[in-house]
file target.cif (mmCIF, C-alpha atoms)
data_upload
loop_
_atom_site.label_atom_id
_atom_site.label_comp_id
_atom_site.auth_asym_id
_atom_site.auth_seq_id
_atom_site.Cartn_x
_atom_site.Cartn_y
_atom_site.Cartn_z
CA MET C 1348 153.82 3.33 97.05
CA ARG C 1349 150.80 3.91 94.87
CA TYR C 1350 152.59 6.51 92.74
CA PRO C 1351 156.11 5.21 92.14
CA HIS C 1352 157.17 8.43 90.38
CA VAL C 1353 156.76 10.45 93.59
CA LYS C 1354 160.15 11.06 95.22
CA VAL C 1355 159.65 14.23 97.25
CA ILE C 1356 156.95 14.83 99.86
CA PRO C 1357 156.83 18.12 101.80
CA ILE C 1358 155.72 17.92 105.44
CA ILE C 1359 154.08 21.26 106.24
CA THR C 1360 153.96 21.89 109.97
CA THR C 1361 150.93 24.26 110.26
CA CYS C 1362 149.89 25.62 113.66
CA SER C 1363 149.52 22.76 116.11
CA THR C 1364 152.97 21.23 115.85
CA GLU C 1365 154.62 24.65 115.98
CA VAL C 1366 152.68 25.65 119.12
CA ILE C 1367 153.32 22.34 120.88
CA GLY C 1368 156.98 22.42 119.93
CA ASP C 1369 157.19 19.07 118.20
CA ASP C 1370 160.66 18.24 116.89
CA ILE C 1371 159.56 18.00 113.27
CA ASP C 1372 163.07 18.24 111.88
CA GLY C 1373 164.29 15.46 114.16
CA VAL C 1374 161.38 13.16 113.32
CA ILE C 1375 161.78 13.67 109.59
CA LEU C 1376 165.54 13.16 109.81
CA LYS C 1377 164.94 9.80 111.47
CA LEU C 1378 162.31 8.84 108.90
CA ASN C 1379 164.59 9.75 106.00
CA ASN C 1380 167.60 7.93 107.42
CA GLU C 1381 165.90 4.85 108.87
CA LEU C 1382 162.27 3.93 108.20
CA LEU C 1383 162.07 5.06 104.58
CA LYS C 1384 165.32 3.29 103.70
CA GLU C 1385 163.97 0.10 105.24
CA LYS C 1386 160.46 0.27 103.84
CA TYR C 1387 161.42 1.49 100.37
CA ALA C 1388 164.79 -0.16 99.88
CA GLY C 1389 166.19 0.73 96.48
CA ARG C 1390 163.75 3.62 96.11
CA GLU C 1391 164.50 7.33 96.38
CA VAL C 1392 162.06 9.06 98.73
CA HIS C 1393 162.61 12.37 100.52
CA LEU C 1394 160.50 13.98 103.23
CA ILE C 1395 161.14 17.73 103.54
CA PRO C 1396 160.09 19.74 106.61
CA VAL C 1397 158.46 23.07 105.80
CA HIS C 1398 157.87 25.32 108.80
CA ALA C 1399 154.76 27.30 107.92
CA PRO C 1400 152.59 28.07 110.96
CA SER C 1401 149.42 29.92 110.00
CA PHE C 1402 149.85 32.45 112.80
CA LYS C 1403 153.07 33.80 111.31
CA GLY C 1404 153.27 35.75 108.06
CA SER C 1405 150.91 34.94 105.20
CA MET C 1406 150.49 32.53 102.32
CA VAL C 1407 153.06 34.68 100.47
CA SER C 1408 155.75 34.33 103.14
CA GLY C 1409 154.81 30.66 103.56
CA TYR C 1410 155.38 30.07 99.86
CA ASP C 1411 158.71 31.88 100.11
CA VAL C 1412 159.76 29.62 102.98
CA ALA C 1413 158.65 26.47 101.13
CA VAL C 1414 160.73 27.26 98.04
CA LYS C 1415 163.82 27.89 100.15
CA ASP C 1416 163.29 24.71 102.17
CA PHE C 1417 163.06 22.64 98.98
CA VAL C 1418 166.20 24.14 97.48
CA SER C 1419 168.29 24.18 100.67
CA TYR C 1420 167.45 20.50 101.26
CA PHE C 1421 168.78 19.41 97.87
CA ALA C 1422 171.24 22.02 96.56
CA LYS C 1423 174.73 20.61 96.30
CA LYS C 1424 177.76 21.95 94.48
CA ASP C 1425 179.18 19.71 91.76
CA LYS C 1426 180.06 21.11 88.34
CA PRO C 1427 178.49 23.91 86.22
CA ASN C 1428 175.41 22.72 84.35
CA GLY C 1429 174.88 25.70 82.02
CA LYS C 1430 171.29 26.21 83.20
CA ILE C 1431 169.56 29.04 85.01
CA ASN C 1432 167.23 28.72 87.97
CA LEU C 1433 163.88 30.38 87.31
CA ILE C 1434 161.78 30.90 90.42
CA THR C 1435 158.35 31.82 89.13
CA GLY C 1436 156.58 32.79 92.33
CA TRP C 1437 152.88 32.25 92.87
CA VAL C 1438 151.63 32.04 89.28
CA ASN C 1439 149.19 30.01 87.19
CA PRO C 1440 150.09 27.05 84.97
CA GLY C 1441 149.51 29.28 81.94
CA ASP C 1442 152.17 31.67 83.21
CA VAL C 1443 154.70 28.84 83.53
CA THR C 1444 153.92 27.80 79.96
CA ALA C 1445 154.47 31.37 78.76
CA LEU C 1446 157.75 31.74 80.65
CA LYS C 1447 159.07 28.43 79.31
CA HIS C 1448 158.13 29.57 75.81
CA LEU C 1449 160.24 32.73 76.19
CA LEU C 1450 163.21 30.70 77.41
CA ALA C 1451 162.80 28.12 74.65
CA GLU C 1452 162.84 30.86 72.01
CA MET C 1453 166.16 32.04 73.48
CA GLN C 1454 167.42 28.43 73.63
CA VAL C 1455 168.00 28.74 77.37
CA GLU C 1456 167.80 25.68 79.63
CA ALA C 1457 166.26 26.32 83.02
CA THR C 1458 165.28 24.60 86.22
CA VAL C 1459 161.79 25.98 86.79
CA LEU C 1460 160.63 26.21 90.38
CA PHE C 1461 158.00 25.16 90.45
CA GLU C 1462 157.00 23.21 87.37
CA ILE C 1463 153.19 23.37 87.36
CA GLU C 1464 152.70 23.51 83.60
CA ASP C 1465 151.29 19.96 83.73
CA PHE C 1466 148.60 20.98 86.21
CA ASP C 1467 146.15 20.15 83.42
CA SER C 1468 146.96 16.49 82.90
CA PRO C 1469 145.54 14.90 79.76
CA LEU C 1470 143.40 11.79 80.05
CA MET C 1471 145.47 9.26 78.12
CA PRO C 1472 144.25 6.05 76.48
CA ASP C 1473 145.96 3.95 79.15
CA GLY C 1474 144.00 5.76 81.86
CA ASN C 1475 147.07 7.53 83.26
CA TRP C 1476 146.06 11.02 84.39
CA VAL C 1477 148.45 11.77 87.24
CA SER C 1478 150.35 15.02 86.82
CA HIS C 1479 154.07 14.25 86.92
CA GLY C 1480 155.75 17.62 86.48
CA ASN C 1481 159.15 18.03 84.94
CA THR C 1482 161.42 19.26 87.74
CA THR C 1483 163.45 16.35 89.09
CA VAL C 1484 165.50 15.73 92.21
CA ALA C 1485 168.59 16.10 90.04
CA ASP C 1486 167.33 19.52 88.91
CA LEU C 1487 166.86 20.61 92.52
CA THR C 1488 170.33 19.36 93.42
CA GLY C 1489 171.75 21.20 90.41
CA THR C 1490 170.41 24.58 91.52
CA ALA C 1491 173.81 25.06 93.18
CA ASP C 1492 175.57 24.59 89.82
CA ALA C 1493 173.52 27.04 87.74
CA LEU C 1494 174.72 30.07 85.79
CA GLY C 1495 172.48 32.17 87.98
CA THR C 1496 169.04 32.51 89.53
CA ILE C 1497 166.22 34.77 88.41
CA ALA C 1498 163.40 35.12 90.95
CA LEU C 1499 160.49 36.89 89.31
CA ASN C 1500 158.91 37.94 92.59
CA ARG C 1501 160.66 39.60 95.50
CA TYR C 1502 158.38 38.09 98.16
CA GLU C 1503 157.65 34.73 96.53
CA GLY C 1504 161.01 33.07 96.03
CA GLY C 1505 163.36 36.00 96.48
CA GLN C 1506 165.01 34.60 99.60
CA THR C 1507 165.87 31.38 97.72
CA ALA C 1508 167.79 33.38 95.12
CA THR C 1509 169.73 35.20 97.82
CA TYR C 1510 170.34 31.91 99.65
CA LEU C 1511 171.92 30.33 96.56
CA GLU C 1512 174.02 33.44 96.03
CA ARG C 1513 175.20 33.48 99.64
CA GLU C 1514 175.87 29.75 100.02
CA PHE C 1515 177.05 28.77 96.53
CA ASP C 1516 178.03 32.06 94.86
CA ILE C 1517 175.26 31.72 92.26
CA PRO C 1518 174.46 35.20 90.83
CA ALA C 1519 170.94 36.31 91.72
CA ILE C 1520 168.50 38.69 90.06
CA VAL C 1521 165.23 39.38 91.88
CA GLY C 1522 162.37 40.81 89.82
CA PRO C 1523 160.71 42.48 88.21
CA THR C 1524 157.53 40.47 87.78
CA PRO C 1525 157.24 40.33 83.94
CA ILE C 1526 153.72 41.74 83.67
CA GLY C 1527 153.44 44.08 80.72
CA ILE C 1528 155.87 44.97 77.96
CA ARG C 1529 158.30 47.01 80.02
CA ASN C 1530 158.87 44.35 82.68
CA THR C 1531 159.00 41.54 80.12
CA ASP C 1532 161.72 43.49 78.31
CA ILE C 1533 163.71 43.67 81.56
CA PHE C 1534 163.24 39.95 82.19
CA LEU C 1535 164.55 39.02 78.75
CA GLN C 1536 167.51 41.39 79.09
CA ASN C 1537 168.33 39.76 82.44
CA VAL C 1538 168.24 36.32 80.82
CA ARG C 1539 170.46 37.59 77.99
CA ARG C 1540 173.05 39.01 80.38
CA MET C 1541 173.05 35.90 82.55
CA THR C 1542 173.35 33.37 79.72
CA GLY C 1543 174.94 35.28 76.84
CA LYS C 1544 172.10 34.14 74.58
CA ALA C 1545 170.67 36.64 72.09
CA ILE C 1546 167.03 37.70 72.07
CA PRO C 1547 165.72 36.18 68.82
CA GLN C 1548 163.69 37.90 66.13
CA SER C 1549 160.68 35.75 67.04
CA LEU C 1550 160.43 37.48 70.42
CA VAL C 1551 161.04 40.88 68.85
CA ARG C 1552 158.01 40.15 66.67
CA GLU C 1553 155.94 39.07 69.69
CA ARG C 1554 156.88 42.31 71.39
CA GLY C 1555 155.82 44.31 68.32
CA LEU C 1556 152.47 42.54 68.23
CA ALA C 1557 151.92 43.33 71.89
CA ILE C 1558 152.80 47.01 71.42
CA ASP C 1559 150.40 47.23 68.49
CA ALA C 1560 147.58 45.54 70.38
CA LEU C 1561 148.02 47.67 73.50
CA THR C 1562 148.32 50.90 71.52
CA ASP C 1563 145.00 50.19 69.82
CA LEU C 1564 143.32 49.61 73.17
CA THR C 1565 144.87 52.35 75.28
CA HIS C 1566 143.22 55.45 73.80
CA MET C 1567 139.91 53.72 73.13
CA PHE C 1568 139.37 52.05 76.51
CA PHE C 1569 142.00 52.79 79.12
CA ALA C 1570 143.10 56.44 79.20
CA ASP C 1571 142.37 58.02 82.60
CA LYS C 1572 140.26 55.07 83.79
CA LYS C 1573 140.43 54.69 87.56
CA VAL C 1574 141.27 51.24 88.86
CA ALA C 1575 141.62 49.55 92.25
CA ILE C 1576 144.00 46.59 92.57
CA TYR C 1577 144.32 44.14 95.46
CA GLY C 1578 146.14 40.89 96.21
CA ASN C 1579 149.69 39.62 96.71
CA ALA C 1580 152.29 42.38 96.70
CA ASP C 1581 154.41 41.33 93.69
CA LEU C 1582 151.31 40.77 91.56
CA VAL C 1583 149.67 44.01 92.63
CA ILE C 1584 152.79 46.09 91.98
CA GLY C 1585 153.21 44.50 88.54
CA LEU C 1586 149.57 45.16 87.69
CA ALA C 1587 149.84 48.76 88.88
CA GLU C 1588 152.89 49.33 86.67
CA PHE C 1589 151.03 47.75 83.75
CA CYS C 1590 148.00 49.98 84.28
CA ILE C 1591 150.17 53.10 84.40
CA ASP C 1592 151.77 52.08 81.11
CA LEU C 1593 148.24 51.82 79.69
CA GLU C 1594 147.53 55.41 80.84
CA MET C 1595 145.15 54.18 83.53
CA LYS C 1596 145.09 55.51 87.07
CA PRO C 1597 145.50 52.92 89.83
CA VAL C 1598 144.07 55.15 92.54
CA LEU C 1599 143.85 52.42 95.19
CA VAL C 1600 146.52 49.75 95.64
CA LEU C 1601 145.95 47.18 98.39
CA LEU C 1602 148.74 44.84 99.52
CA GLY C 1603 147.20 41.95 101.37
CA ASP C 1604 149.63 41.16 104.18
CA ASP C 1605 151.76 42.84 106.83
CA ASN C 1606 155.30 42.37 105.54
CA THR C 1607 157.33 45.04 107.32
CA THR C 1608 159.71 45.46 104.37
CA TYR C 1609 157.03 46.81 102.02
CA PRO C 1610 157.61 50.49 102.91
CA ASN C 1611 161.24 50.14 101.74
CA ASP C 1612 160.38 48.43 98.45
CA PRO C 1613 161.80 50.70 95.71
CA ARG C 1614 158.98 49.69 93.37
CA ILE C 1615 156.39 51.07 95.75
CA GLN C 1616 158.35 54.27 96.18
CA ALA C 1617 158.68 54.58 92.39
CA LEU C 1618 154.93 54.12 91.92
CA GLN C 1619 154.18 56.99 94.25
CA GLU C 1620 156.81 59.26 92.75
CA LYS C 1621 156.03 58.83 89.06
CA VAL C 1622 152.26 59.46 89.01
CA ASP C 1623 150.52 62.82 88.69
CA PHE C 1624 147.31 61.72 90.41
CA ASP C 1625 146.36 60.70 93.94
CA MET C 1626 147.36 57.10 94.55
CA GLU C 1627 146.68 55.47 97.90
CA ILE C 1628 148.80 52.42 98.74
CA ILE C 1629 147.63 50.45 101.78
CA MET C 1630 149.67 47.64 103.33
CA ASN C 1631 148.22 44.80 105.40
CA ALA C 1632 144.91 45.59 103.71
CA ASP C 1633 141.78 43.49 103.38
CA LEU C 1634 138.70 43.99 101.24
CA TRP C 1635 137.07 46.17 103.90
CA GLU C 1636 139.45 48.94 102.82
CA LEU C 1637 138.07 48.75 99.28
CA GLU C 1638 134.45 48.54 100.44
CA ASN C 1639 134.88 51.44 102.86
CA ARG C 1640 136.39 53.79 100.32
CA ILE C 1641 133.64 53.13 97.81
CA THR C 1642 130.75 53.22 100.29
CA ASN C 1643 131.82 55.85 102.81
CA GLU C 1644 134.50 57.93 101.09
CA GLY C 1645 132.96 58.26 97.64
CA LEU C 1646 135.79 56.60 95.70
CA GLU C 1647 134.80 56.37 92.06
CA LEU C 1648 136.21 53.47 90.06
CA ASP C 1649 135.97 52.27 86.48
CA LEU C 1650 137.54 48.87 87.10
CA ILE C 1651 138.62 46.47 89.85
CA LEU C 1652 141.51 44.01 89.45
CA GLY C 1653 141.79 41.18 91.95
CA HIS C 1654 140.88 37.65 92.93
CA SER C 1655 137.37 36.26 93.19
CA LYS C 1656 136.80 37.20 96.83
CA GLY C 1657 136.15 40.80 95.79
CA ARG C 1658 133.31 39.90 93.44
CA PHE C 1659 130.55 40.98 95.84
CA ILE C 1660 131.97 44.50 96.00
CA SER C 1661 131.94 44.54 92.20
CA ILE C 1662 128.36 43.28 92.09
CA ASP C 1663 127.00 45.51 94.87
CA HIS C 1664 128.52 48.70 93.46
CA LYS C 1665 128.16 47.77 89.78
CA ILE C 1666 131.86 48.23 89.09
CA PRO C 1667 133.30 45.95 86.37
CA MET C 1668 135.95 43.55 87.57
CA VAL C 1669 138.69 41.42 86.00
CA ARG C 1670 139.65 38.31 87.95
CA VAL C 1671 143.39 38.02 88.39
CA GLY C 1672 145.46 36.43 91.13
CA PHE C 1673 144.62 33.68 93.60
CA PRO C 1674 142.00 32.38 94.11
CA THR C 1675 139.83 32.72 91.01
CA TYR C 1676 136.99 30.27 91.39
CA ASP C 1677 134.04 31.97 89.71
CA ARG C 1678 135.41 31.99 86.16
CA ALA C 1679 136.33 28.96 84.08
CA GLY C 1680 139.80 28.29 82.72
CA LEU C 1681 141.62 31.42 83.87
CA HIS C 1682 144.52 29.30 85.12
CA ARG C 1683 145.33 28.47 81.49
CA HIS C 1684 145.74 32.10 80.42
CA PRO C 1685 149.05 33.82 81.17
CA ILE C 1686 149.31 37.40 82.37
CA VAL C 1687 153.14 37.42 82.08
CA GLY C 1688 155.17 37.94 78.94
CA TYR C 1689 154.10 39.60 75.72
CA ALA C 1690 151.23 37.17 75.11
CA GLY C 1691 150.08 37.68 78.69
CA ALA C 1692 150.08 41.46 78.21
CA ILE C 1693 147.82 41.10 75.19
CA TRP C 1694 145.41 38.72 76.91
CA LEU C 1695 145.16 40.78 80.09
CA ALA C 1696 144.68 44.06 78.23
CA GLU C 1697 142.00 42.56 75.99
CA GLU C 1698 140.25 41.04 79.00
CA MET C 1699 140.24 44.43 80.71
CA ALA C 1700 139.03 46.18 77.55
CA ASN C 1701 136.25 43.67 76.93
CA THR C 1702 135.13 43.94 80.55
CA LEU C 1703 134.92 47.73 80.27
CA PHE C 1704 133.19 47.46 76.90
CA THR C 1705 130.60 45.02 78.26
CA ASP C 1706 129.90 47.40 81.12
CA MET C 1707 129.45 50.29 78.67
CA GLU C 1708 127.04 48.21 76.58
CA TYR C 1709 125.04 47.22 79.65
CA LYS C 1710 124.69 50.82 80.81
CA LYS C 1711 123.67 52.02 77.34
CA ASN C 1712 121.11 49.24 76.95
CA LYS C 1713 119.69 49.90 80.40
CA GLU C 1714 119.38 53.61 79.62
CA TRP C 1715 117.68 52.82 76.29
CA ILE C 1716 115.18 50.44 77.97
CA LEU C 1717 114.33 52.99 80.64
CA ASN C 1718 113.83 55.70 78.04
CA VAL C 1719 111.55 53.45 75.96
CA TRP C 1720 109.43 52.55 78.95
#

call {"tool": "encode", "arguments": {"input": "target.cif", "output": "structure tokens"}}
result
Amino acid sequence: MRYPHVKVIPIITTCSTEVIGDDIDGVILKLNNELLKEKYAGREVHLIPVHAPSFKGSMVSGYDVAVKDFVSYFAKKDKPNGKINLITGWVNPGDVTALKHLLAEMQVEATVLFEIEDFDSPLMPDGNWVSHGNTTVADLTGTADALGTIALNRYEGGQTATYLEREFDIPAIVGPTPIGIRNTDIFLQNVRRMTGKAIPQSLVRERGLAIDALTDLTHMFFADKKVAIYGNADLVIGLAEFCIDLEMKPVLVLLGDDNTTYPNDPRIQALQEKVDFDMEIIMNADLWELENRITNEGLELDLILGHSKGRFISIDHKIPMVRVGFPTYDRAGLHRHPIVGYAGAIWLAEEMANTLFTDMEYKKNKEWILNVW
């Protein structure tokens, strides 16, 4: 093999094989047990079937299936390893870095699924640039021996946590997505209860810095600003909670797929119950819903939060926008910046504030130029 460090290769079915009815599991079982052992004698190579037809569910549910397929293929009970399983969900490399920092400060060992911190691979003097990652086959096998599992997103890894709890009696905690101070607090408390490790003074200081930074910004930039948020459900709910904590008004919340369990999500119910303004939450929504409400229903917004595919709505209606979520392809380097944890709360709030401030400057300068002329 060209890359001898590669030991695990997922085989994603997609549409055609699922429609035809190919026996993917049977073929891969034969390959694993026969051909691969012959061709790569003495090497460890695993092919994992991942059933993810594009006509069923969404990229969110497909990710959820993929995580479970990885873990269920390898997980095997042996002896307690003193680690936790951290299922990050669909996040950026910068988020993984931030989460590992929080755990390192608490001196907690974790198997991180998935380890994408090395997405940015350095160009080394020997010319080696391939991203290796840090999660090993042994780590995947050891998920059945962990102290517990924390899945940060209900719909992006949640079923893996419940699988490990059901099959191996590994305690599971699902959510919340640690966006903002409140949800980061809950995440750290969950880690403390699961591991018995204390929350160190260093993280208490980080929390204090975040509170100070957000307090300075809230009254100056955020109070009563109306915002629309769209994207994957866990991300959107976390962002909406964050905006409410900043005294903003997420008046339009768009969840981008048709998961039938959304109406029973207690977080969605809590969002609707706790606000004193009109909040519309639309499930199985696309960007037409946002465009329609602005163009035809007179929805007034101060800010849009979402991935890059909504940029034309922002441009056409001159509404400032902060890129967050997947995909973000019209801004450089956003994958390096976390939005989770205390540092992520600061970065995201400052990015939102600077975006609003730039929009205010533009409007004032335009008004001044028009008045001069």

call {"tool": "resolve_selection", "arguments": {"input": "target.cif", "expression": "the PyMOL selection byres ((chain C and resi 1421) around 6)", "output": "JSON, numbers by chain"}}
result
{"C": [1418, 1419, 1420, 1422, 1487, 1488]}

call {"tool": "resolve_selection", "arguments": {"input": "target.cif", "expression": "the PyMOL selection byres ((chain C and resi 1645-1651) around 10)", "output": "PyMOL selection string"}}
result
chain C and resi 1569+1571-1577+1595-1599+1637-1644+1652-1654+1657-1658+1660-1661+1664-1671+1699+1702-1703+1706

call {"tool": "residues_around", "arguments": {"input": "target.cif", "residues": "Ala1617 in chain C", "least_positions_apart": "6", "cutoff": "12 Å", "atoms": "only C-alpha atoms", "output": "ChimeraX atom specification"}}
result
/C:1584,1587-1588,1591,1610-1611,1626,1628

call {"tool": "closest_residue", "arguments": {"input": "target.cif", "among": "C:Val1412, C:Thr1675, C:Leu1601, C:Asp1516", "to": "Glu1636 in chain C", "atoms": "all atoms listed in the file"}}
result
C:Leu1601

call {"tool": "resolve_selection", "arguments": {"input": "target.cif", "expression": "the PyMOL selection byres ((chain C and resi 1546) around 6)", "output": "PyMOL selection string"}}
result
chain C and resi 1453+1545+1547

call {"tool": "closest_residue", "arguments": {"input": "target.cif", "among": "C:Phe1704, C:Phe1624, C:Phe1534, C:Phe1461", "to": "Gly1504 in chain C", "atoms": "all atoms listed in the file"}}
result
C:Phe1461

call {"tool": "atom_distance", "arguments": {"input": "target.cif", "atom1": "CA of Asp1592 in chain C", "atom2": "CA of Thr1565 in chain C"}}
result
9.0 Å

call {"tool": "atom_distance", "arguments": {"input": "target.cif", "atom1": "CA of Phe1589 in chain C", "atom2": "CA of Gly1436 in chain C"}}
result
18.1 Å

call {"tool": "closest_residue", "arguments": {"input": "target.cif", "among": "C:Arg1614, C:Arg1554, C:Lys1447, C:Arg1539", "to": "Leu1586 in chain C", "atoms": "only C-alpha atoms"}}
result
C:Arg1614

call {"tool": "atom_distance", "arguments": {"input": "target.cif", "atom1": "CA of Lys1384 in chain C", "atom2": "CA of Ala1413 in chain C"}}
result
24.3 Å

call {"tool": "residues_around", "arguments": {"input": "target.cif", "residues": "Thr1509 in chain C", "least_positions_apart": "2", "cutoff": "10 Å", "atoms": "only C-alpha atoms", "output": "list in words"}}
result
Lys1415, Thr1496, Ala1498, Gly1504, Gly1505, Gln1506, Thr1507, Leu1511, Glu1512, Arg1513, Glu1514, Phe1515, Asp1516, Ile1517, Pro1518, Ala1519, Ile1520 and Val1521 of chain C

call {"tool": "write_last_selection", "arguments": {"input": "target.cif", "atoms": "C-alpha atoms", "output": "mmCIF file, in the frame of the given file"}}
result
data_model
loop_
_atom_site.group_PDB
_atom_site.id
_atom_site.type_symbol
_atom_site.label_atom_id
_atom_site.label_comp_id
_atom_site.auth_asym_id
_atom_site.auth_seq_id
_atom_site.Cartn_x
_atom_site.Cartn_y
_atom_site.Cartn_z
ATOM 1 C CA LYS C 1415 163.820 27.890 100.150
ATOM 2 C CA THR C 1496 169.040 32.510 89.530
ATOM 3 C CA ALA C 1498 163.400 35.120 90.950
ATOM 4 C CA GLY C 1504 161.010 33.070 96.030
ATOM 5 C CA GLY C 1505 163.360 36.000 96.480
ATOM 6 C CA GLN C 1506 165.010 34.600 99.600
ATOM 7 C CA THR C 1507 165.870 31.380 97.720
ATOM 8 C CA LEU C 1511 171.920 30.330 96.560
ATOM 9 C CA GLU C 1512 174.020 33.440 96.030
ATOM 10 C CA ARG C 1513 175.200 33.480 99.640
ATOM 11 C CA GLU C 1514 175.870 29.750 100.020
ATOM 12 C CA PHE C 1515 177.050 28.770 96.530
ATOM 13 C CA ASP C 1516 178.030 32.060 94.860
ATOM 14 C CA ILE C 1517 175.260 31.720 92.260
ATOM 15 C CA PRO C 1518 174.460 35.200 90.830
ATOM 16 C CA ALA C 1519 170.940 36.310 91.720
ATOM 17 C CA ILE C 1520 168.500 38.690 90.060
ATOM 18 C CA VAL C 1521 165.230 39.380 91.880
#

call {"tool": "closest_residue", "arguments": {"input": "target.cif", "among": "C:Val1407, C:Cys1362, C:Ala1399, C:Leu1535", "to": "Leu1582 in chain C", "atoms": "all atoms listed in the file"}}
result
C:Val1407

call {"tool": "closest_residue", "arguments": {"input": "target.cif", "among": "C:Ile1497, C:Ala1632, C:Ile1434, C:Val1366", "to": "Asn1537 in chain C", "atoms": "all atoms listed in the file"}}
result
C:Ile1497

call {"tool": "closest_residue", "arguments": {"input": "target.cif", "among": "C:Leu1618, C:Ala1485, C:Val1459, C:Val1443", "to": "Glu1391 in chain C", "atoms": "only C-alpha atoms"}}
result
C:Ala1485

call {"tool": "residues_around", "arguments": {"input": "target.cif", "residues": "Lys1544 in chain C", "least_positions_apart": "6", "cutoff": "8 Å", "atoms": "all atoms listed in the file", "output": "PyMOL selection string"}}
result
chain C and resi 1453-1455+1538

call {"tool": "write_last_selection", "arguments": {"input": "target.cif", "atoms": "C-alpha atoms", "output": "mmCIF file, in the coordinates of the input"}}
result
data_model
loop_
_atom_site.group_PDB
_atom_site.id
_atom_site.type_symbol
_atom_site.label_atom_id
_atom_site.label_comp_id
_atom_site.auth_asym_id
_atom_site.auth_seq_id
_atom_site.Cartn_x
_atom_site.Cartn_y
_atom_site.Cartn_z
ATOM 1 C CA MET C 1453 166.160 32.040 73.480
ATOM 2 C CA GLN C 1454 167.420 28.430 73.630
ATOM 3 C CA VAL C 1455 168.000 28.740 77.370
ATOM 4 C CA VAL C 1538 168.240 36.320 80.820
#

call {"tool": "residues_around", "arguments": {"input": "target.cif", "residues": "Asn1500 in chain C", "least_positions_apart": "2", "cutoff": "6 Å", "atoms": "all atoms listed in the file", "output": "ChimeraX atom specification"}}
result
/C:1436,1498,1502-1503,1522,1524,1581

call {"tool": "residues_around", "arguments": {"input": "target.cif", "residues": "Ser1405 in chain C", "least_positions_apart": "3", "cutoff": "10 Å", "atoms": "only C-alpha atoms", "output": "PyMOL selection string"}}
result
chain C and resi 1399-1402+1408-1411+1579+1603-1606

call {"tool": "decode", "arguments": {"input": "target.cif", "residues": "range 1459-1463 of chain C", "atoms": "all heavy atoms", "output": "short mmCIF file (atom, residue, chain, number, x, y, z; two decimals), in the first residue's frame"}}
result
data_model
loop_
_atom_site.label_atom_id
_atom_site.label_comp_id
_atom_site.auth_asym_id
_atom_site.auth_seq_id
_atom_site.Cartn_x
_atom_site.Cartn_y
_atom_site.Cartn_z
N VAL C 1459 -11.17 10.37 20.94
CA VAL C 1459 -11.93 11.40 20.23
C VAL C 1459 -12.37 10.85 18.88
O VAL C 1459 -11.56 10.41 18.07
CB VAL C 1459 -11.08 12.67 20.03
CG1 VAL C 1459 -11.88 13.73 19.29
CG2 VAL C 1459 -10.60 13.21 21.38
N LEU C 1460 -13.66 10.86 18.68
CA LEU C 1460 -14.24 10.41 17.41
C LEU C 1460 -14.97 11.57 16.75
O LEU C 1460 -15.98 12.04 17.25
CB LEU C 1460 -15.23 9.26 17.66
CG LEU C 1460 -14.69 8.03 18.38
CD1 LEU C 1460 -15.81 7.06 18.70
CD2 LEU C 1460 -13.61 7.36 17.58
N PHE C 1461 -14.44 12.11 15.70
CA PHE C 1461 -13.23 11.64 15.06
C PHE C 1461 -12.12 12.67 15.19
O PHE C 1461 -12.39 13.85 15.28
CB PHE C 1461 -13.49 11.33 13.60
CG PHE C 1461 -14.24 10.04 13.43
CD1 PHE C 1461 -15.60 10.06 13.16
CD2 PHE C 1461 -13.61 8.83 13.55
CE1 PHE C 1461 -16.29 8.89 13.00
CE2 PHE C 1461 -14.28 7.65 13.39
CZ PHE C 1461 -15.63 7.68 13.12
N GLU C 1462 -10.89 12.15 15.16
CA GLU C 1462 -9.71 12.97 15.38
C GLU C 1462 -9.31 13.66 14.08
O GLU C 1462 -8.62 13.09 13.23
CB GLU C 1462 -8.57 12.08 15.88
CG GLU C 1462 -7.25 12.77 16.05
CD GLU C 1462 -7.35 13.94 16.98
OE1 GLU C 1462 -7.18 13.75 18.17
OE2 GLU C 1462 -7.60 15.05 16.48
N ILE C 1463 -9.79 14.91 13.91
CA ILE C 1463 -9.48 15.65 12.68
C ILE C 1463 -8.63 16.88 12.99
O ILE C 1463 -8.50 17.77 12.16
CB ILE C 1463 -10.77 16.08 11.95
CG1 ILE C 1463 -11.65 16.96 12.86
CG2 ILE C 1463 -11.53 14.87 11.44
CD1 ILE C 1463 -12.82 17.58 12.15
#
